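What follows is the content of structure.txt (compact mmCIF, C-alpha atoms and all ligand atoms).
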# COMPACT_ATOMS: atom_id res chain seq x y z
CA MET A 1 39.75 214.96 -17.75
CA LYS A 2 41.62 215.55 -21.02
CA ASN A 3 42.53 212.30 -22.68
CA PHE A 4 46.28 211.77 -22.70
CA SER A 5 47.83 209.31 -25.14
CA ARG A 6 49.81 206.50 -23.57
CA ARG A 7 52.98 208.17 -24.88
CA GLN A 8 52.15 211.62 -23.44
CA PHE A 9 51.36 210.06 -20.10
CA LEU A 10 54.56 208.06 -20.06
CA LYS A 11 56.59 211.04 -21.29
CA ALA A 12 55.25 213.10 -18.38
CA ALA A 13 56.01 210.26 -16.01
CA ALA A 14 59.49 209.98 -17.46
CA VAL A 15 60.17 213.69 -17.16
CA LEU A 16 59.00 213.64 -13.54
CA ALA A 17 60.97 210.52 -12.82
CA VAL A 18 64.17 211.91 -14.31
CA THR A 19 63.79 215.38 -12.76
CA SER A 20 63.03 213.89 -9.37
CA ALA A 21 65.76 211.32 -9.80
CA CYS A 22 66.52 211.12 -6.10
CA ASP A 23 62.89 210.68 -5.05
CA ALA A 24 60.84 207.56 -5.53
CA LEU A 25 58.67 207.78 -8.62
CA PRO A 26 55.39 209.48 -7.52
CA THR A 27 52.57 206.95 -7.34
CA SER A 28 50.27 209.42 -9.09
CA ILE A 29 51.06 212.44 -11.24
CA PRO A 30 48.89 215.60 -10.72
CA ASN A 31 46.27 216.01 -13.45
CA LEU A 32 47.14 212.68 -15.03
CA PRO A 33 45.56 209.29 -14.40
CA SER A 34 47.80 207.29 -12.13
CA LEU A 35 49.38 204.16 -13.61
CA ALA A 36 46.91 202.01 -11.70
CA THR A 37 43.91 203.47 -13.52
CA ARG A 38 45.50 203.51 -17.02
CA THR A 39 43.57 201.05 -19.15
CA PRO A 40 45.90 198.90 -21.30
CA THR A 41 45.18 198.48 -25.00
CA PRO A 42 42.12 196.23 -25.18
CA PRO A 43 42.90 192.66 -26.27
CA PRO A 44 42.19 192.36 -30.00
CA GLU A 45 38.72 191.21 -31.12
CA PRO A 46 38.67 188.55 -33.87
CA THR A 47 39.68 190.81 -36.73
CA PRO A 48 38.31 190.56 -40.31
CA THR A 49 40.95 190.59 -43.07
CA PRO A 50 41.01 194.22 -44.18
CA GLY A 51 39.70 194.50 -47.72
CA PRO A 52 41.23 196.94 -50.29
CA THR A 53 40.18 200.50 -49.41
CA ALA A 54 40.46 203.52 -51.71
CA THR A 55 41.37 205.86 -48.88
CA PRO A 56 42.96 203.70 -46.19
CA THR A 57 41.39 204.60 -42.87
CA PRO A 58 43.51 204.27 -39.72
CA LEU A 59 43.35 200.72 -38.46
CA PRO A 60 41.82 200.16 -35.02
CA PRO A 61 44.34 199.39 -32.26
CA THR A 62 43.01 195.85 -32.20
CA PHE A 63 44.70 195.07 -35.54
CA GLY A 64 47.86 193.09 -34.96
CA LEU A 65 51.16 194.15 -36.50
CA HIS A 66 50.99 191.50 -39.21
CA GLU A 67 47.51 192.65 -40.28
CA ARG A 68 48.75 196.23 -40.46
CA ALA A 69 51.75 195.03 -42.48
CA LYS A 70 49.55 192.97 -44.80
CA VAL A 71 47.58 196.09 -45.77
CA LYS A 72 50.90 197.42 -47.16
CA ASN A 73 51.89 194.05 -48.69
CA LEU A 74 54.59 193.82 -46.04
CA ILE A 75 55.22 190.90 -43.68
CA TYR A 76 55.71 191.29 -39.92
CA GLY A 77 56.75 188.50 -37.62
CA ALA A 78 59.19 187.38 -34.98
CA ALA A 79 61.58 184.72 -33.76
CA MET A 80 60.32 182.04 -31.39
CA GLY A 81 62.31 179.41 -29.52
CA SER A 82 61.12 175.96 -28.48
CA SER A 83 60.40 177.24 -24.97
CA GLY A 84 57.80 179.56 -26.47
CA LEU A 85 55.70 176.59 -27.59
CA ALA A 86 55.06 175.76 -23.93
CA ASP A 87 53.68 179.27 -23.28
CA ALA A 88 50.00 179.53 -24.26
CA ASN A 89 50.00 183.30 -23.81
CA LEU A 90 52.98 183.74 -26.12
CA LYS A 91 51.43 181.48 -28.73
CA ARG A 92 48.18 183.47 -28.60
CA LYS A 93 50.08 186.74 -29.04
CA PHE A 94 52.11 185.28 -31.92
CA ALA A 95 48.87 184.31 -33.65
CA GLU A 96 47.52 187.87 -33.10
CA GLU A 97 50.64 189.81 -34.05
CA CYS A 98 52.76 187.72 -36.45
CA GLY A 99 52.51 186.69 -40.07
CA ILE A 100 55.87 184.89 -40.14
CA LEU A 101 57.88 182.89 -37.61
CA VAL A 102 61.61 182.15 -37.57
CA PRO A 103 63.07 179.56 -35.15
CA GLU A 104 65.54 181.33 -32.83
CA ASN A 105 67.93 178.36 -32.56
CA GLU A 106 66.12 175.27 -33.81
CA LEU A 107 67.47 175.27 -37.39
CA LYS A 108 71.09 175.81 -36.42
CA TRP A 109 73.67 173.04 -36.85
CA SER A 110 73.98 172.53 -33.08
CA THR A 111 70.26 171.73 -32.87
CA ILE A 112 69.62 169.68 -36.02
CA ARG A 113 73.01 167.89 -35.98
CA PRO A 114 73.47 167.23 -32.25
CA ALA A 115 74.68 163.64 -32.32
CA ASN A 116 78.31 162.74 -32.68
CA ASP A 117 77.29 161.26 -36.00
CA THR A 118 77.70 163.36 -39.08
CA ASP A 119 74.78 161.70 -40.87
CA LYS A 120 72.11 162.13 -38.18
CA PHE A 121 69.64 165.03 -38.58
CA ASP A 122 67.06 165.88 -35.92
CA PHE A 123 64.46 168.36 -37.22
CA SER A 124 61.97 167.64 -34.44
CA LYS A 125 62.32 171.00 -32.63
CA ALA A 126 62.16 172.99 -35.84
CA ASP A 127 59.24 170.88 -37.09
CA ALA A 128 57.28 171.74 -33.93
CA LEU A 129 57.78 175.45 -34.63
CA TYR A 130 56.92 174.97 -38.30
CA ASN A 131 53.70 173.15 -37.36
CA PHE A 132 52.71 175.96 -34.98
CA ALA A 133 53.35 178.52 -37.70
CA LYS A 134 51.37 176.53 -40.26
CA GLU A 135 48.43 175.95 -37.88
CA ASN A 136 48.28 179.71 -37.35
CA ASN A 137 48.61 180.70 -41.00
CA MET A 138 52.07 182.13 -40.52
CA LEU A 139 54.88 181.97 -43.04
CA PHE A 140 58.07 180.22 -41.94
CA ARG A 141 61.63 181.51 -42.27
CA GLY A 142 64.82 179.43 -42.03
CA HIS A 143 67.81 180.52 -39.95
CA THR A 144 70.62 179.58 -40.71
CA LEU A 145 72.32 177.14 -43.09
CA VAL A 146 75.92 178.39 -42.73
CA TRP A 147 77.27 180.20 -39.66
CA HIS A 148 80.50 180.07 -37.69
CA ASN A 149 78.59 179.92 -34.37
CA GLN A 150 76.60 177.09 -32.77
CA LEU A 151 78.38 174.36 -34.74
CA PRO A 152 78.01 170.90 -33.18
CA THR A 153 80.72 169.59 -30.85
CA TRP A 154 81.84 166.97 -33.39
CA PHE A 155 82.42 169.55 -36.12
CA ASN A 156 86.08 170.43 -35.55
CA SER A 157 87.14 166.81 -35.15
CA LYS A 158 85.17 165.43 -38.08
CA VAL A 159 85.21 168.14 -40.78
CA THR A 160 88.42 168.56 -42.76
CA LYS A 161 89.53 170.50 -45.84
CA GLN A 162 89.01 167.29 -47.78
CA ASN A 163 85.39 166.61 -46.78
CA ALA A 164 84.15 170.11 -45.88
CA GLU A 165 82.48 170.85 -49.20
CA ALA A 166 80.62 167.53 -49.12
CA VAL A 167 79.57 168.04 -45.49
CA LEU A 168 78.36 171.57 -46.22
CA THR A 169 76.52 170.60 -49.40
CA GLN A 170 74.92 167.57 -47.71
CA HIS A 171 73.74 169.70 -44.78
CA ILE A 172 72.17 172.31 -47.01
CA THR A 173 70.65 169.85 -49.48
CA LEU A 174 69.06 167.61 -46.82
CA THR A 175 67.85 170.51 -44.68
CA MET A 176 66.35 172.33 -47.67
CA ALA A 177 64.76 169.09 -48.92
CA HIS A 178 63.13 168.51 -45.52
CA TYR A 179 61.39 171.89 -45.75
CA ALA A 180 61.15 172.21 -49.54
CA GLY A 181 58.32 174.52 -50.56
CA LYS A 182 57.55 175.42 -46.95
CA VAL A 183 60.03 178.22 -46.26
CA HIS A 184 59.45 181.87 -47.22
CA SER A 185 63.16 182.68 -47.02
CA TRP A 186 66.37 181.09 -45.77
CA ASP A 187 69.35 182.78 -44.20
CA VAL A 188 71.78 180.77 -46.33
CA VAL A 189 74.94 182.43 -44.98
CA ASN A 190 75.01 184.39 -41.71
CA GLU A 191 77.59 186.97 -40.59
CA ALA A 192 80.36 186.22 -43.11
CA ILE A 193 81.60 189.83 -43.23
CA HIS A 194 83.95 191.25 -40.57
CA PRO A 195 86.29 194.07 -41.77
CA PRO A 196 88.35 194.02 -38.52
CA ASP A 197 89.75 190.69 -39.79
CA LYS A 198 91.53 192.89 -42.35
CA ARG A 199 90.97 190.79 -45.48
CA ASP A 200 90.65 192.75 -48.75
CA ASP A 201 87.31 191.06 -49.37
CA GLY A 202 86.12 191.92 -45.85
CA LEU A 203 85.35 188.28 -45.07
CA ARG A 204 85.30 187.08 -41.48
CA LYS A 205 88.04 184.55 -40.70
CA THR A 206 85.77 181.61 -39.84
CA LYS A 207 86.11 177.83 -39.82
CA TRP A 208 84.26 177.76 -43.13
CA LEU A 209 86.72 180.18 -44.74
CA GLU A 210 89.63 178.18 -43.34
CA LEU A 211 88.25 174.89 -44.67
CA LEU A 212 86.91 176.00 -48.06
CA GLY A 213 88.33 179.41 -48.93
CA ASP A 214 86.21 182.37 -50.04
CA THR A 215 84.10 180.28 -52.42
CA TYR A 216 82.20 178.66 -49.52
CA ILE A 217 79.59 181.38 -49.80
CA GLU A 218 78.91 180.67 -53.48
CA THR A 219 78.92 176.92 -52.78
CA ALA A 220 76.30 177.44 -50.07
CA PHE A 221 73.97 179.52 -52.22
CA LYS A 222 74.27 177.12 -55.17
CA ALA A 223 73.49 174.12 -52.93
CA ALA A 224 70.54 176.01 -51.41
CA ALA A 225 69.13 176.85 -54.85
CA SER A 226 69.26 173.19 -55.87
CA GLY A 227 67.56 172.23 -52.57
CA ASP A 228 64.50 174.45 -52.95
CA ASN A 229 63.70 176.85 -55.78
CA LYS A 230 60.65 178.29 -54.02
CA THR A 231 62.38 180.22 -51.24
CA LEU A 232 64.22 183.55 -51.04
CA LEU A 233 67.92 182.86 -50.55
CA THR A 234 69.27 185.49 -48.17
CA TYR A 235 72.62 186.76 -46.95
CA ASN A 236 72.13 187.89 -43.30
CA ASP A 237 74.36 190.14 -41.19
CA PHE A 238 74.48 192.73 -38.38
CA GLY A 239 76.25 195.93 -37.39
CA PHE A 240 75.98 198.27 -40.40
CA GLU A 241 73.14 200.68 -39.54
CA LEU A 242 75.06 203.58 -38.00
CA ASP A 243 77.18 206.49 -39.22
CA THR A 244 80.45 205.19 -37.78
CA PRO A 245 83.68 204.14 -39.56
CA GLU A 246 83.15 200.52 -38.51
CA HIS A 247 79.57 200.36 -39.79
CA GLU A 248 80.53 202.19 -43.00
CA ALA A 249 83.31 199.66 -43.63
CA LYS A 250 80.82 196.84 -43.11
CA ARG A 251 78.27 198.41 -45.48
CA LYS A 252 80.99 198.70 -48.15
CA ALA A 253 82.16 195.10 -47.66
CA ILE A 254 78.62 193.71 -47.73
CA LEU A 255 77.84 195.62 -50.91
CA LYS A 256 81.06 194.29 -52.45
CA LEU A 257 80.08 190.72 -51.55
CA LEU A 258 76.56 191.15 -52.94
CA GLU A 259 77.91 192.69 -56.16
CA ARG A 260 80.40 189.83 -56.54
CA LEU A 261 77.70 187.20 -56.06
CA LYS A 262 75.36 188.92 -58.52
CA THR A 263 78.14 189.38 -61.10
CA LYS A 264 78.92 185.65 -60.87
CA LYS A 265 75.16 184.91 -61.22
CA ILE A 266 75.09 183.13 -57.86
CA PRO A 267 71.44 182.51 -56.86
CA ILE A 268 70.93 185.10 -54.09
CA HIS A 269 67.63 186.96 -53.72
CA ALA A 270 67.77 189.07 -50.59
CA LEU A 271 69.82 190.81 -47.92
CA GLY A 272 68.84 190.19 -44.30
CA ILE A 273 69.52 193.11 -41.96
CA GLN A 274 69.57 191.82 -38.40
CA ALA A 275 69.20 195.33 -36.90
CA HIS A 276 70.06 194.63 -33.26
CA LEU A 277 69.87 198.35 -32.45
CA ASP A 278 71.21 200.06 -29.32
CA ALA A 279 69.02 202.88 -28.05
CA SER A 280 71.97 204.57 -26.35
CA VAL A 281 73.67 205.23 -29.71
CA ILE A 282 70.68 205.55 -32.04
CA LYS A 283 71.63 209.21 -32.52
CA LEU A 284 74.41 207.77 -34.74
CA PHE A 285 71.74 206.42 -37.09
CA LYS A 286 71.66 208.82 -40.03
CA ALA A 287 68.61 208.27 -42.23
CA GLU A 288 70.16 209.57 -45.43
CA ILE A 289 73.23 207.33 -45.15
CA PHE A 290 71.23 204.18 -44.44
CA ARG A 291 68.66 205.08 -47.08
CA LYS A 292 71.43 205.31 -49.70
CA PHE A 293 72.77 201.91 -48.65
CA LEU A 294 69.31 200.34 -48.99
CA SER A 295 68.86 201.79 -52.47
CA ASP A 296 72.32 200.51 -53.47
CA VAL A 297 71.27 197.01 -52.36
CA ALA A 298 67.93 197.29 -54.15
CA ALA A 299 69.74 198.44 -57.31
CA LEU A 300 71.36 194.98 -57.38
CA GLY A 301 67.88 193.52 -57.82
CA LEU A 302 67.81 192.21 -54.25
CA LYS A 303 64.91 192.22 -51.82
CA ILE A 304 65.62 193.33 -48.26
CA MET A 305 64.34 191.93 -44.96
CA VAL A 306 64.81 193.24 -41.44
CA THR A 307 65.41 189.87 -39.83
CA GLU A 308 66.25 190.23 -36.11
CA LEU A 309 65.09 193.69 -35.00
CA ASP A 310 65.26 194.56 -31.32
CA VAL A 311 66.48 197.56 -29.32
CA ILE A 312 69.11 197.09 -26.61
CA ASP A 313 68.27 199.22 -23.53
CA GLN A 314 71.26 198.17 -21.43
CA LYS A 315 72.71 201.67 -21.11
CA LEU A 316 69.43 203.58 -20.73
CA PRO A 317 68.18 205.02 -17.43
CA LYS A 318 66.46 202.53 -15.15
CA ASP A 319 63.09 204.32 -15.24
CA VAL A 320 60.76 202.17 -17.33
CA ALA A 321 58.74 205.06 -18.75
CA ALA A 322 61.87 206.85 -19.95
CA ARG A 323 63.38 203.63 -21.27
CA ASP A 324 60.24 202.65 -23.18
CA ILE A 325 60.16 206.06 -24.86
CA ALA A 326 63.81 205.79 -25.92
CA VAL A 327 63.34 202.24 -27.23
CA ALA A 328 60.22 203.26 -29.15
CA ASP A 329 62.06 206.23 -30.64
CA ALA A 330 64.82 203.91 -31.86
CA TYR A 331 62.29 201.59 -33.52
CA LYS A 332 60.64 204.59 -35.17
CA ALA A 333 63.87 206.22 -36.38
CA PHE A 334 65.20 203.02 -37.93
CA LEU A 335 61.98 201.60 -39.37
CA SER A 336 60.61 204.87 -40.79
CA THR A 337 63.76 205.18 -42.93
CA THR A 338 63.96 201.48 -43.76
CA LEU A 339 60.35 201.16 -44.94
CA GLU A 340 60.88 204.03 -47.38
CA GLU A 341 62.77 201.48 -49.50
CA PRO A 342 60.16 199.65 -51.65
CA ASN A 343 62.38 196.52 -51.84
CA VAL A 344 62.01 196.00 -48.07
CA ILE A 345 59.44 193.21 -47.88
CA ALA A 346 59.49 192.00 -44.29
CA VAL A 347 60.27 193.03 -40.73
CA LEU A 348 60.90 190.44 -38.04
CA THR A 349 61.76 191.24 -34.44
CA TRP A 350 64.07 188.88 -32.60
CA GLY A 351 61.32 187.80 -30.25
CA LEU A 352 57.89 189.32 -29.61
CA SER A 353 57.80 189.68 -25.81
CA ASP A 354 60.43 190.85 -23.31
CA LYS A 355 59.77 187.58 -21.50
CA TYR A 356 61.81 185.80 -24.18
CA THR A 357 64.83 187.75 -25.41
CA TRP A 358 68.46 186.75 -25.86
CA LEU A 359 69.34 190.16 -24.42
CA THR A 360 68.39 189.10 -20.89
CA LYS A 361 71.49 186.88 -20.91
CA GLU A 362 73.70 188.70 -23.43
CA LYS A 363 73.07 192.38 -22.56
CA PRO A 364 71.92 192.45 -18.94
CA ARG A 365 71.53 195.81 -17.19
CA SER A 366 74.04 196.62 -14.46
CA ASP A 367 71.18 197.77 -12.21
CA GLY A 368 69.54 194.36 -12.50
CA ALA A 369 66.38 195.80 -14.04
CA LYS A 370 64.72 193.56 -16.60
CA VAL A 371 65.49 194.46 -20.21
CA ARG A 372 62.66 195.82 -22.40
CA PRO A 373 63.79 195.47 -26.07
CA LEU A 374 60.65 194.12 -27.81
CA PRO A 375 57.12 195.24 -28.84
CA LEU A 376 55.34 193.41 -25.99
CA ASP A 377 56.33 193.46 -22.32
CA GLU A 378 56.91 190.33 -20.27
CA ASP A 379 53.15 190.16 -19.57
CA PHE A 380 52.46 190.36 -23.32
CA LYS A 381 51.07 193.88 -23.09
CA ARG A 382 51.74 196.23 -25.98
CA LYS A 383 54.39 198.87 -25.24
CA LEU A 384 55.33 202.15 -26.89
CA ALA A 385 57.64 200.05 -29.05
CA TRP A 386 54.56 198.30 -30.41
CA ASP A 387 52.94 201.69 -31.04
CA ALA A 388 56.07 202.84 -32.89
CA VAL A 389 56.20 199.77 -35.15
CA ALA A 390 52.45 200.01 -35.82
CA GLU A 391 52.67 203.74 -36.60
CA VAL A 392 55.58 203.30 -39.04
CA ILE A 393 53.89 200.38 -40.80
CA ASP A 394 50.57 202.31 -41.01
CA LYS A 395 52.37 205.30 -42.55
CA ALA A 396 54.53 203.21 -44.93
CA LYS A 397 53.82 203.18 -48.66
CA GLY A 398 52.25 199.98 -49.96
CA ARG A 399 54.51 197.51 -51.80
O1 LIG B 1 70.60 174.23 -25.81
C1 LIG B 1 71.56 174.47 -24.75
C2 LIG B 1 71.09 173.80 -23.48
O2 LIG B 1 71.08 172.38 -23.68
C3 LIG B 1 72.04 174.15 -22.35
O3 LIG B 1 71.54 173.61 -21.15
C4 LIG B 1 72.14 175.67 -22.22
C5 LIG B 1 73.14 176.04 -21.16
O4 LIG B 1 73.28 177.43 -21.17
O5 LIG B 1 72.58 176.25 -23.48
C6 LIG B 1 71.66 175.96 -24.52
O6 LIG B 1 72.16 176.54 -25.72
C7 LIG B 1 71.97 177.96 -25.78
C8 LIG B 1 71.20 178.27 -27.07
O7 LIG B 1 71.09 179.70 -27.25
C9 LIG B 1 69.78 177.68 -27.04
O8 LIG B 1 69.07 178.26 -25.99
C10 LIG B 1 73.36 178.59 -25.87
O9 LIG B 1 74.00 178.45 -24.61
C11 LIG B 1 73.22 180.09 -26.18
O10 LIG B 1 74.50 180.65 -26.41
C12 LIG B 1 72.39 180.27 -27.44
O11 LIG B 1 72.22 181.67 -27.65
C13 LIG B 1 71.66 182.01 -28.91
C14 LIG B 1 72.72 182.76 -29.71
O12 LIG B 1 72.17 183.19 -30.97
C15 LIG B 1 73.92 181.89 -29.98
O13 LIG B 1 74.92 182.67 -30.57
C16 LIG B 1 70.47 182.92 -28.67
O14 LIG B 1 69.43 182.20 -28.03
C17 LIG B 1 69.96 183.46 -30.00
O15 LIG B 1 68.95 184.46 -29.78
C18 LIG B 1 71.11 184.12 -30.77
O16 LIG B 1 70.62 184.53 -32.02
C19 LIG B 1 71.59 185.14 -32.89
C20 LIG B 1 71.21 184.78 -34.31
O17 LIG B 1 71.16 183.38 -34.46
C21 LIG B 1 72.16 185.43 -35.30
N1 LIG B 1 72.20 186.88 -35.10
C22 LIG B 1 72.56 187.27 -33.72
C23 LIG B 1 71.58 186.67 -32.74
C24 LIG B 1 71.88 187.12 -31.34
O18 LIG B 1 73.14 186.63 -30.94
Do you think you could lay out the structure here as structure tokens?
Amino acid sequence: MKNFSRRQFLKAAAVLAVTSACDALPTSIPNLPSLATRTPTPPPEPTPTPGPTATPTPLPPTFGLHERAKVKNLIYGAAMGSSGLADANLKRKFAEECGILVPENELKWSTIRPANDTDKFDFSKADALYNFAKENNMLFRGHTLVWHNQLPTWFNSKVTKQNAEAVLTQHITLTMAHYAGKVHSWDVVNEAIHPPDKRDDGLRKTKWLELLGDTYIETAFKAAASGDNKTLLTYNDFGFELDTPEHEAKRKAILKLLERLKTKKIPIHALGIQAHLDASVIKLFKAEIFRKFLSDVAALGLKIMVTELDVIDQKLPKDVAARDIAVADAYKAFLSTTLEEPNVIAVLTWGLSDKYTWLTKEKPRSDGAKVRPLPLDEDFKRKLAWDAVAEVIDKAKGR
């Protein structure tokens, strides 16, 4: 029987499923192996570190995403929450697939400053994730020092215009000192741009802006630079990948912010692109427009990281085969353009397995089907999304 790739098989299944929408999905498809007999990608063998090769040969499927990325001097990794540390299967897959780990929530104010006491820091949850990363030779990324979300309950009652700068500077200085020399990159400021708030500078009207004015961003980066001079200080944001007026306005405002910070010699080293993509509108992603934006950012001397990549499948058909193809296509469209930019140094997905994704709660499907936004399914099996990420990394130019 002719060998069909996983994608061809699933595409056929998807076509059949969609064309026979009213019927139950056939249990076997003529002339194709039925799902039951399809052999999943073999679990990876212990893999040697690939040495330099003159003519890079295609990597065997057993190579994890981070090993494929390393061949191109790129970094691949993912976000993990504390609950992931209790899941041996997830930890094993992280060790196989990831070269960097970012705590999903454990470095946010609400986690490290929980007590109703402005001087108490609790790094225990983040430390546990850092230790796991270190034990598995992964880099560690910090998220996030300044954000308008997930502030502790005491914040609004305790932080005033008079003490805000001291509170902010203390938070950044102590948090950076705790992890000094151990963090690849920090999201210093997260999601500060929001053109719908109609400010000329495009800034989001947040508590921080209210308390400190538009210089809070510079204050944060300066405090971060004094806390640790061995980490990439990053501005991180979402919602500027597509060819829409809203996304274009956000690209313009982000570029304006980055230019202003660079002109004022504020210590900023990178832009973080969250890239929470939506497969149902990926046709609005125009490679040439996004490519131009990336080169404009790089021209400022900034590195670029994809920091929270996942693909929302909320509005896709229920059929898993069709959905997986559409999600994989979105990964491929976005990443193949993004990795053309030499200043892009890292790609992190916002989770590794569908078993642990914020989208289950935040973007549930109306049909109740489980969401499938990440490279591995809920049983930690590689999906077409994994294939897409691997293919784009394998075809990317080396850094
Ligand atoms: O820790 C409490 C727990 O004590 C309580 O019992 C439970 C009740 O629901 O809530 C828990 O807090 C939740 C927290 O995640 C930790 O699990 C919050 O409700 C929940 O809102 C929070 O969601 C996180 C979200 O940021 C907050 O805005 C998601 O897990 C996290 O994936 C998401 O990540 C953000 C990035 O930081 C920034 N970019 C966007 C991205 C997605 O929103």
Inset, instruction - Can you work out the spacing between CA of Ala330 in chain A and CA of Ala88 in chain A in Å, to one decimal? - result: 29.5 Å
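Take CA of Glu308 in chain A and CA of Trp386 in chain A: the distance between them is 15.3 Å.
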Legend entry - Residues near range 97-114 of chain A, cut-off 7 Å, all atoms listed in the file, skip fewer than 2 positions along chain, as number ranges by chain: A: 64-66, 75-81, 93-95, 116, 120-123, 125-126, 129, 133, 138-145, 150-152
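With all atoms listed in the file as the basis for measurement, A:His148 is the residue among A:Lys318, A:Arg291, A:Lys332, A:His148 that approaches ligand LIG 1 (chain B) most closely.
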Could you give me, as a short mmCIF file (atom, residue, chain, number, x, y, z; two decimals) with C-alpha atoms, keeping the file's coordinate frame, the residues within 9 Å of Thr337 in chain A, counting only C-alpha atoms and dropping anything in the same chain fewer than 6 positions from it?
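In the end it all went to out-v3.cif:
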data_model
loop_
_atom_site.label_atom_id
_atom_site.label_comp_id
_atom_site.auth_asym_id
_atom_site.auth_seq_id
_atom_site.Cartn_x
_atom_site.Cartn_y
_atom_site.Cartn_z
CA ALA A 287 68.61 208.27 -42.23
CA GLU A 288 70.16 209.57 -45.43
CA PHE A 290 71.23 204.18 -44.44
CA ARG A 291 68.66 205.08 -47.08
#
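When CA of Leu233 in chain A is paired with CA of Asp278 in chain A, their separation reads 27.5 Å.
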Legend entry - Among the residues A:Trp147, A:Trp186, A:Trp208, A:Phe221, the one that comes closest to ligand LIG 1 (chain B) [using all atoms listed in the file]: A:Trp147
Can you pull range 87-92 of chain A out of that block with all heavy atoms and hand it back as a PDB file, in the first residue's frame?
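Result file is result-v7.pdb:
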ATOM      1  N   ASP A  87       3.006  16.721  36.347  1.00  0.00           N
ATOM      2  CA  ASP A  87       2.661  15.808  35.239  1.00  0.00           C
ATOM      3  C   ASP A  87       3.947  15.253  34.617  1.00  0.00           C
ATOM      4  O   ASP A  87       4.618  15.921  33.835  1.00  0.00           O
ATOM      5  CB  ASP A  87       1.839  16.587  34.191  1.00  0.00           C
ATOM      6  CG  ASP A  87       1.280  15.671  33.105  1.00  0.00           C
ATOM      7  OD1 ASP A  87       1.952  14.675  32.762  1.00  0.00           O
ATOM      8  OD2 ASP A  87       0.169  15.960  32.614  1.00  0.00           O
ATOM      9  N   ALA A  88       4.285  14.022  34.972  1.00  0.00           N
ATOM     10  CA  ALA A  88       5.549  13.423  34.522  1.00  0.00           C
ATOM     11  C   ALA A  88       5.623  13.363  33.001  1.00  0.00           C
ATOM     12  O   ALA A  88       6.699  13.572  32.409  1.00  0.00           O
ATOM     13  CB  ALA A  88       5.695  12.030  35.130  1.00  0.00           C
ATOM     14  N   ASN A  89       4.483  13.080  32.370  1.00  0.00           N
ATOM     15  CA  ASN A  89       4.508  13.010  30.898  1.00  0.00           C
ATOM     16  C   ASN A  89       4.834  14.365  30.286  1.00  0.00           C
ATOM     17  O   ASN A  89       5.624  14.458  29.344  1.00  0.00           O
ATOM     18  CB  ASN A  89       3.157  12.511  30.372  1.00  0.00           C
ATOM     19  CG  ASN A  89       2.956  11.031  30.676  1.00  0.00           C
ATOM     20  OD1 ASN A  89       3.906  10.253  30.603  1.00  0.00           O
ATOM     21  ND2 ASN A  89       1.749  10.666  31.056  1.00  0.00           N
ATOM     22  N   LEU A  90       4.215  15.426  30.830  1.00  0.00           N
ATOM     23  CA  LEU A  90       4.494  16.764  30.307  1.00  0.00           C
ATOM     24  C   LEU A  90       5.963  17.117  30.519  1.00  0.00           C
ATOM     25  O   LEU A  90       6.626  17.628  29.610  1.00  0.00           O
ATOM     26  CB  LEU A  90       3.605  17.814  30.977  1.00  0.00           C
ATOM     27  CG  LEU A  90       3.842  19.236  30.453  1.00  0.00           C
ATOM     28  CD1 LEU A  90       3.268  19.395  29.037  1.00  0.00           C
ATOM     29  CD2 LEU A  90       3.244  20.289  31.373  1.00  0.00           C
ATOM     30  N   LYS A  91       6.464  16.808  31.701  1.00  0.00           N
ATOM     31  CA  LYS A  91       7.869  17.147  31.971  1.00  0.00           C
ATOM     32  C   LYS A  91       8.801  16.420  31.000  1.00  0.00           C
ATOM     33  O   LYS A  91       9.750  17.002  30.471  1.00  0.00           O
ATOM     34  CB  LYS A  91       8.209  16.796  33.424  1.00  0.00           C
ATOM     35  CG  LYS A  91       7.531  17.726  34.436  1.00  0.00           C
ATOM     36  CD  LYS A  91       8.182  17.681  35.794  1.00  0.00           C
ATOM     37  CE  LYS A  91       7.983  16.382  36.508  1.00  0.00           C
ATOM     38  NZ  LYS A  91       8.514  16.412  37.893  1.00  0.00           N
ATOM     39  N   ARG A  92       8.471  15.147  30.728  1.00  0.00           N
ATOM     40  CA  ARG A  92       9.323  14.386  29.784  1.00  0.00           C
ATOM     41  C   ARG A  92       9.267  15.023  28.399  1.00  0.00           C
ATOM     42  O   ARG A  92      10.279  15.200  27.729  1.00  0.00           O
ATOM     43  CB  ARG A  92       8.836  12.932  29.732  1.00  0.00           C
ATOM     44  CG  ARG A  92       9.693  12.006  28.863  1.00  0.00           C
ATOM     45  CD  ARG A  92       9.376  10.548  29.127  1.00  0.00           C
ATOM     46  NE  ARG A  92       7.927  10.314  29.122  1.00  0.00           N
ATOM     47  CZ  ARG A  92       7.209  10.184  28.001  1.00  0.00           C
ATOM     48  NH1 ARG A  92       7.817  10.287  26.830  1.00  0.00           N
ATOM     49  NH2 ARG A  92       5.910   9.972  28.025  1.00  0.00           N
TER      50      ARG A  92
END
